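Colleague: Dropping in final38.cif, with mmCIF, C-alpha atoms.
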```
data_target
#
loop_
_atom_site.label_atom_id
_atom_site.label_comp_id
_atom_site.auth_asym_id
_atom_site.auth_seq_id
_atom_site.Cartn_x
_atom_site.Cartn_y
_atom_site.Cartn_z
CA MET P 1 -4.41 13.97 -8.32
CA PHE P 2 -3.71 13.58 -4.60
CA ASN P 3 -3.07 16.59 -2.33
CA GLY P 4 -2.00 18.57 -5.39
CA LEU P 5 0.33 15.92 -6.81
CA VAL P 6 -0.37 14.03 -10.01
CA LEU P 7 0.02 10.51 -8.69
CA PRO P 8 -0.29 7.53 -11.05
CA VAL P 9 -2.23 4.67 -9.50
CA ARG P 10 -3.03 1.09 -10.51
CA MET P 11 -5.42 -1.60 -9.35
CA ILE P 12 -4.04 -5.13 -9.18
CA VAL P 13 -6.29 -7.96 -10.39
CA PHE P 14 -5.74 -11.65 -9.67
CA LYS P 15 -7.75 -14.48 -11.18
CA LEU P 16 -7.81 -17.07 -8.40
CA GLN P 17 -9.32 -20.53 -8.26
CA THR P 18 -12.08 -19.11 -6.08
CA GLY P 19 -12.77 -16.05 -8.27
CA VAL P 20 -11.38 -12.63 -9.14
CA LEU P 21 -9.59 -10.56 -6.51
CA LEU P 22 -9.30 -6.77 -6.86
CA TYR P 23 -6.65 -4.92 -4.86
CA SER P 24 -7.00 -1.14 -4.43
CA PRO P 25 -9.99 -0.14 -6.61
CA THR P 26 -9.25 2.66 -9.05
CA GLN P 27 -11.58 4.96 -10.98
CA TYR P 28 -14.51 2.93 -12.27
CA ASP P 29 -16.16 2.86 -15.70
CA ASP P 30 -18.18 0.39 -17.76
CA ALA P 31 -15.26 -0.57 -19.99
CA LEU P 32 -13.24 -1.54 -16.93
CA LYS P 33 -16.16 -3.56 -15.57
CA MET P 34 -16.38 -5.55 -18.82
CA GLU P 35 -12.66 -6.24 -18.74
CA ILE P 36 -12.82 -7.43 -15.14
CA GLU P 37 -15.89 -9.59 -15.69
CA SER P 38 -14.21 -11.29 -18.64
CA LEU P 39 -11.92 -12.93 -16.06
CA GLY P 40 -14.79 -14.31 -13.99
CA PRO P 41 -16.96 -13.29 -11.04
CA VAL P 42 -15.47 -10.76 -8.64
CA LYS P 43 -15.28 -12.47 -5.26
CA PHE P 44 -12.95 -10.23 -3.25
CA ILE P 45 -12.18 -6.52 -3.09
CA VAL P 46 -9.20 -5.54 -0.95
CA VAL P 47 -8.86 -1.95 0.25
CA PRO P 48 -5.22 -1.95 1.38
CA ASN P 49 -5.25 1.16 3.58
CA LYS P 50 -7.51 4.06 4.44
CA MET P 51 -6.02 6.26 1.71
CA HIS P 52 -7.18 3.90 -1.07
CA HIS P 53 -10.95 3.99 -0.54
CA LEU P 54 -11.90 6.85 -2.89
CA PHE P 55 -13.51 4.73 -5.64
CA LEU P 56 -14.74 1.86 -3.47
CA GLU P 57 -18.44 2.75 -3.46
CA ASP P 58 -18.69 2.39 -7.26
CA TYR P 59 -17.36 -1.15 -6.90
CA ILE P 60 -19.77 -1.96 -4.09
CA ARG P 61 -22.68 -0.91 -6.32
CA ASN P 62 -21.45 -2.87 -9.33
CA PHE P 63 -20.09 -5.96 -7.59
CA PRO P 64 -22.56 -6.31 -4.69
CA ASP P 65 -21.74 -9.97 -4.03
CA ALA P 66 -18.02 -9.42 -3.60
CA GLU P 67 -16.56 -9.75 -0.11
CA LEU P 68 -14.80 -6.58 1.07
CA LEU P 69 -11.52 -6.93 2.92
CA LEU P 70 -10.93 -3.61 4.56
CA ALA P 71 -7.78 -2.28 6.16
CA PRO P 72 -8.40 -0.76 9.61
CA GLY P 73 -9.99 2.67 9.31
CA VAL P 74 -11.67 2.09 5.93
CA LYS P 75 -15.02 0.91 7.29
CA ASP P 76 -15.78 4.35 8.75
CA LYS P 77 -15.29 5.96 5.34
CA ILE P 78 -17.96 3.89 3.52
CA GLU P 79 -21.24 5.80 3.29
CA ILE P 80 -23.39 3.20 1.52
CA GLU P 81 -24.60 -0.24 2.58
CA TYR P 82 -22.72 -3.37 1.56
CA ASN P 83 -23.45 -7.06 1.91
CA ARG P 84 -20.22 -8.67 3.05
CA GLY P 85 -17.17 -7.09 4.59
CA VAL P 86 -14.50 -7.72 7.21
CA VAL P 87 -11.70 -5.69 8.69
CA VAL P 88 -8.44 -7.42 7.79
CA ARG P 89 -6.37 -9.05 10.50
CA ASN P 90 -3.13 -10.93 10.02
CA GLY P 91 -3.67 -14.49 8.92
CA GLU P 92 -5.08 -16.30 5.91
CA GLY P 93 -7.37 -14.55 3.47
CA PRO P 94 -10.80 -16.03 2.64
CA TRP P 95 -9.50 -17.18 -0.76
CA GLY P 96 -7.45 -20.08 0.62
CA ASP P 97 -3.69 -20.51 0.41
CA GLU P 98 -3.09 -19.18 -3.11
CA VAL P 99 -2.28 -15.72 -1.77
CA SER P 100 -0.59 -14.87 1.54
CA LEU P 101 -1.71 -11.80 3.45
CA MET P 102 0.18 -9.48 5.79
CA LEU P 103 -1.17 -6.45 7.67
CA THR P 104 1.68 -4.08 8.49
CA GLU P 105 2.10 -2.94 12.08
CA GLY P 106 3.95 -0.22 13.98
CA ASN P 107 2.17 2.78 12.40
CA SER P 108 0.02 5.11 14.49
CA PHE P 109 -1.95 6.38 11.47
CA PHE P 110 -2.70 3.32 9.37
CA SER P 111 -1.91 -0.29 8.55
CA GLU P 112 -1.48 -1.62 5.03
CA VAL P 113 -2.59 -4.94 3.56
CA VAL P 114 0.24 -6.59 1.61
CA LEU P 115 -0.37 -9.64 -0.60
CA PHE P 116 1.91 -12.35 -1.99
CA HIS P 117 0.76 -14.57 -4.86
CA LYS P 118 2.70 -17.76 -4.20
CA ALA P 119 2.59 -19.45 -7.59
CA MET P 120 3.52 -16.27 -9.46
CA SER P 121 5.99 -14.98 -6.81
CA ILE P 122 4.38 -11.53 -6.93
CA LEU P 123 4.47 -9.14 -3.97
CA VAL P 124 1.70 -6.53 -4.05
CA VAL P 125 1.85 -3.31 -2.02
CA ALA P 126 -0.05 -0.04 -2.02
CA ASP P 127 2.05 2.72 -0.43
CA LEU P 128 4.76 0.69 1.29
CA VAL P 129 6.89 1.01 -1.85
CA MET P 130 6.55 3.61 -4.62
CA ASN P 131 8.78 3.46 -7.68
CA PHE P 132 8.81 6.52 -9.92
CA GLN P 133 11.12 7.36 -12.78
CA PRO P 134 13.84 9.91 -11.85
CA GLY P 135 12.57 13.43 -12.42
CA TYR P 136 8.88 12.48 -12.46
CA PHE P 137 7.90 14.90 -9.72
CA SER P 138 9.80 17.81 -11.22
CA SER P 139 7.90 17.56 -14.50
CA GLN P 140 5.38 20.20 -15.59
CA GLN P 141 2.47 17.82 -15.11
CA ASN P 142 2.97 17.99 -11.38
CA ALA P 143 2.46 20.49 -8.59
CA ASP P 144 4.72 23.41 -7.70
CA GLY P 145 8.22 22.79 -6.42
CA LEU P 146 7.42 23.62 -2.79
CA LEU P 147 4.81 20.87 -2.54
CA VAL P 148 7.11 18.37 -4.23
CA ALA P 149 9.95 19.30 -1.90
CA ALA P 150 7.73 18.89 1.17
CA THR P 151 6.56 15.47 0.00
CA GLN P 152 10.13 14.37 -0.72
CA PHE P 153 11.22 15.56 2.72
CA PHE P 154 8.82 13.16 4.41
CA SER P 155 9.02 10.27 1.93
CA GLY P 156 12.63 10.51 0.80
CA SER P 157 14.05 10.95 -2.69
CA PHE P 158 11.73 9.90 -5.51
CA ASP P 159 14.76 8.92 -7.58
CA VAL P 160 14.96 5.66 -5.62
CA PRO P 161 12.18 3.35 -4.42
CA THR P 162 10.52 4.98 -1.43
CA CYS P 163 7.57 4.66 0.90
CA SER P 164 4.68 7.09 1.20
CA SER P 165 4.87 9.94 3.70
CA GLU P 166 2.18 8.21 5.80
CA HIS P 167 4.50 5.29 6.38
CA SER P 168 7.50 7.50 6.97
CA ILE P 169 5.90 10.02 9.33
CA TYR P 170 3.64 7.81 11.42
CA CYS P 171 5.71 4.69 11.93
CA THR P 172 6.51 4.79 15.65
CA ASP P 173 7.19 1.16 16.56
CA ALA P 174 10.32 0.04 14.73
CA LYS P 175 10.27 -3.45 16.27
CA SER P 176 6.74 -4.24 15.04
CA PHE P 177 7.40 -2.76 11.61
CA GLU P 178 10.69 -4.66 11.27
CA SER P 179 8.96 -7.93 12.22
CA CYS P 180 6.44 -7.46 9.39
CA ARG P 181 9.23 -6.48 7.01
CA SER P 182 11.19 -9.65 7.81
CA LYS P 183 8.11 -11.81 7.26
CA ILE P 184 7.49 -10.21 3.85
CA LEU P 185 11.10 -10.68 2.81
CA SER P 186 10.85 -14.37 3.77
CA TRP P 187 8.28 -14.79 0.97
CA ASP P 188 11.17 -14.59 -1.51
CA PHE P 189 9.19 -12.69 -4.15
CA LYS P 190 10.47 -12.24 -7.71
CA TYR P 191 8.16 -9.42 -8.82
CA LEU P 192 7.17 -6.25 -6.99
CA VAL P 193 3.87 -4.68 -8.07
CA MET P 194 2.89 -1.44 -6.38
CA CYS P 195 -0.06 0.90 -6.77
CA HIS P 196 2.22 3.85 -7.53
CA GLY P 197 5.09 3.64 -9.99
CA ASP P 198 6.82 1.17 -12.26
CA ILE P 199 6.55 -2.59 -11.72
CA ILE P 200 9.84 -4.33 -10.94
CA ASP P 201 10.12 -7.71 -12.67
CA ASP P 202 13.64 -8.70 -11.66
CA ALA P 203 13.89 -10.72 -8.42
CA LYS P 204 17.09 -9.11 -7.15
CA GLN P 205 15.94 -5.58 -7.99
CA ALA P 206 12.49 -6.22 -6.51
CA GLN P 207 13.87 -7.31 -3.16
CA GLN P 208 16.45 -4.52 -3.19
CA ALA P 209 13.72 -1.93 -3.86
CA PHE P 210 11.64 -3.25 -0.98
CA LYS P 211 14.64 -3.13 1.34
CA ILE P 212 15.56 0.43 0.30
CA ALA P 213 12.05 1.75 0.92
CA THR P 214 11.51 -0.01 4.22
CA ASP P 215 15.05 0.65 5.48
CA ALA P 216 14.29 4.35 5.07
CA VAL P 217 11.22 4.00 7.31
CA LEU P 218 13.22 2.25 10.01
CA LYS P 219 16.04 4.79 9.82
CA ARG P 220 13.61 7.67 10.20
CA VAL P 221 12.00 6.07 13.25
CA LYS P 222 15.35 5.41 14.90
CA ASP P 223 16.64 8.91 14.07
CA ARG P 224 13.45 10.42 15.49
CA TRP P 225 13.81 8.55 18.76
CA GLY P 226 17.51 9.37 18.89
CA PHE P 227 16.72 13.07 18.52
CA THR P 228 13.97 12.88 21.16
CA ASN P 229 16.25 11.13 23.63
CA SER P 230 18.98 13.71 23.01
CA VAL P 231 16.56 16.57 23.69
CA MET P 232 15.26 14.89 26.86
CA SER P 233 18.79 14.31 28.07
CA LEU P 234 19.65 17.95 27.41
CA VAL P 235 16.54 19.16 29.22
CA GLY P 236 17.25 16.84 32.13
CA SER P 237 20.85 18.06 32.46
CA LYS P 238 19.66 21.69 32.83
CA LYS P 239 17.33 20.98 35.75
#
```
Show me, as structure tokens, the structure contained in the file I just sent.
Modeller:
Amino acid sequence: MFNGLVLPVRMIVFKLQTGVLLYSPTQYDDALKMEIESLGPVKFIVVPNKMHHLFLEDYIRNFPDAELLLAPGVKDKIEIEYNRGVVVRNGEGPWGDEVSLMLTEGNSFFSEVVLFHKAMSILVVADLVMNFQPGYFSSQQNADGLLVAATQFFSGSFDVPTCSSEHSIYCTDAKSFESCRSKILSWDFKYLVMCHGDIIDDAKQAQQAFKIATDAVLKRVKDRWGFTNSVMSLVGSKK
């Protein structure tokens, strides 16, 4: 549960030539550890943004030799010691060229690490795209209608692919965000795997879903600045 909403979440696991990569650690238990270790040694743990750190310390304790790749803002939330960790910057990841890495820009609250597995044509995101079944957030398993309505107001309709409210509210630099968006779209992914919601395994639908979610962010930024400019013009005309 997150802020009163029942929010399904997944961790993405890649078996790379250099070892196992974990993206967005989820709730830890021994059975999960055995399943992960059956793939090989865990070499990398990616925390994609500062909202996805909640279970990280369990992974640090159980995979002490893994290198942590932390989105900006995550480091300050870790309360235990760890051996190896870096704050992610745009560029190549330490695993070589199997997986491309992008750190989103243009958001005053957080940046998100996005991955692209080249050979498998898989795009991996945390909160940049969420894909829930229509009606999910009106079901009885979720919070009251007021909370759902407030979340939908900031994130957009949950009946179509959407971004998280953190992306929608705090994106202030449309040019920087659009530049990252264009780079991600150039990867020509065929599968879209997100931490929240249903995986999209059709190339056309995957790219369309990404465009819908990110277009909504850009529209909100531009509408916000348009409203601000209108208010400033009105205030200026009354002086």
Colleague: Considering only C-alpha atoms, can you say which of P:Val114, P:Leu103, P:Glu98, P:Ile45 comes closest to Gly85 of chain P?
Modeller: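 Comparing P:Val114, P:Leu103, P:Glu98, P:Ile45 against Gly85 of chain P, the winner is P:Ile45.
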Colleague: Between P:Arg181, P:Ser111, P:Val193, P:Asp76, single out the one closest to Arg89 of chain P, counting only C-alpha atoms.
Modeller: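 Checking each of P:Arg181, P:Ser111, P:Val193, P:Asp76 against Arg89 of chain P, counting only C-alpha atoms, the winner is P:Ser111.
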Colleague: Take the PyMOL selection byres ((chain P and resi 38-44) around 8), apply it to the structure above, and return the hits as an MDAnalysis selection string.
Modeller: chainID P and resid 15 18:22 34:37 45:46 63 65:69
Colleague: Atom CA of Ile78 of chain P and atom CA of Lys50 of chain P are how many Å apart?
Modeller: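 That distance, rounded to one decimal, is 10.5 Å.
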Colleague: For Gly96 of chain P, find every residue with an atom within 12 Å (counting all atoms listed in the file), except residues of its own chain fewer than 4 positions away, and show them as JSON, numbers by chain.
Modeller: {"P": [16, 17, 18, 19, 44, 91, 92, 100, 101, 117, 118]}
Colleague: Would you kindly place N, CA and C atoms on segment 26-41 of chain P and return the model as a PDB file, in the frame of the given file?
Modeller:
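Written out: selection.pdb:
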```pdb
ATOM      1  N   THR P  26      -9.533   1.373  -8.425  1.00  0.00           N
ATOM      2  CA  THR P  26      -9.250   2.660  -9.050  1.00  0.00           C
ATOM      3  C   THR P  26     -10.524   3.204  -9.690  1.00  0.00           C
ATOM      4  N   GLN P  27     -10.409   4.318 -10.403  1.00  0.00           N
ATOM      5  CA  GLN P  27     -11.580   4.960 -10.980  1.00  0.00           C
ATOM      6  C   GLN P  27     -12.356   3.987 -11.859  1.00  0.00           C
ATOM      7  N   TYR P  28     -13.665   3.939 -11.652  1.00  0.00           N
ATOM      8  CA  TYR P  28     -14.510   2.930 -12.270  1.00  0.00           C
ATOM      9  C   TYR P  28     -15.179   3.446 -13.534  1.00  0.00           C
ATOM     10  N   ASP P  29     -15.302   2.570 -14.544  1.00  0.00           N
ATOM     11  CA  ASP P  29     -16.160   2.860 -15.700  1.00  0.00           C
ATOM     12  C   ASP P  29     -16.633   1.533 -16.277  1.00  0.00           C
ATOM     13  N   ASP P  30     -17.567   1.607 -17.214  1.00  0.00           N
ATOM     14  CA  ASP P  30     -18.180   0.390 -17.760  1.00  0.00           C
ATOM     15  C   ASP P  30     -17.190  -0.467 -18.538  1.00  0.00           C
ATOM     16  N   ALA P  31     -16.261   0.187 -19.227  1.00  0.00           N
ATOM     17  CA  ALA P  31     -15.260  -0.570 -19.990  1.00  0.00           C
ATOM     18  C   ALA P  31     -14.392  -1.403 -19.046  1.00  0.00           C
ATOM     19  N   LEU P  32     -14.038  -0.806 -17.902  1.00  0.00           N
ATOM     20  CA  LEU P  32     -13.240  -1.540 -16.930  1.00  0.00           C
ATOM     21  C   LEU P  32     -14.034  -2.707 -16.355  1.00  0.00           C
ATOM     22  N   LYS P  33     -15.319  -2.486 -16.092  1.00  0.00           N
ATOM     23  CA  LYS P  33     -16.160  -3.560 -15.570  1.00  0.00           C
ATOM     24  C   LYS P  33     -16.191  -4.745 -16.538  1.00  0.00           C
ATOM     25  N   MET P  34     -16.343  -4.469 -17.826  1.00  0.00           N
ATOM     26  CA  MET P  34     -16.380  -5.550 -18.820  1.00  0.00           C
ATOM     27  C   MET P  34     -15.070  -6.320 -18.837  1.00  0.00           C
ATOM     28  N   GLU P  35     -13.969  -5.595 -18.729  1.00  0.00           N
ATOM     29  CA  GLU P  35     -12.660  -6.240 -18.740  1.00  0.00           C
ATOM     30  C   GLU P  35     -12.488  -7.136 -17.515  1.00  0.00           C
ATOM     31  N   ILE P  36     -12.925  -6.640 -16.360  1.00  0.00           N
ATOM     32  CA  ILE P  36     -12.820  -7.430 -15.140  1.00  0.00           C
ATOM     33  C   ILE P  36     -13.702  -8.664 -15.213  1.00  0.00           C
ATOM     34  N   GLU P  37     -14.943  -8.478 -15.647  1.00  0.00           N
ATOM     35  CA  GLU P  37     -15.890  -9.590 -15.690  1.00  0.00           C
ATOM     36  C   GLU P  37     -15.514 -10.650 -16.705  1.00  0.00           C
ATOM     37  N   SER P  38     -14.672 -10.291 -17.673  1.00  0.00           N
ATOM     38  CA  SER P  38     -14.210 -11.290 -18.640  1.00  0.00           C
ATOM     39  C   SER P  38     -13.317 -12.339 -17.971  1.00  0.00           C
ATOM     40  N   LEU P  39     -12.784 -12.005 -16.796  1.00  0.00           N
ATOM     41  CA  LEU P  39     -11.920 -12.930 -16.060  1.00  0.00           C
ATOM     42  C   LEU P  39     -12.721 -13.876 -15.171  1.00  0.00           C
ATOM     43  N   GLY P  40     -13.959 -13.496 -14.878  1.00  0.00           N
ATOM     44  CA  GLY P  40     -14.790 -14.310 -13.990  1.00  0.00           C
ATOM     45  C   GLY P  40     -15.467 -13.445 -12.958  1.00  0.00           C
ATOM     46  N   PRO P  41     -16.246 -14.058 -12.064  1.00  0.00           N
ATOM     47  CA  PRO P  41     -16.960 -13.290 -11.040  1.00  0.00           C
ATOM     48  C   PRO P  41     -16.007 -12.670 -10.021  1.00  0.00           C
TER      49      PRO P  41
END
```
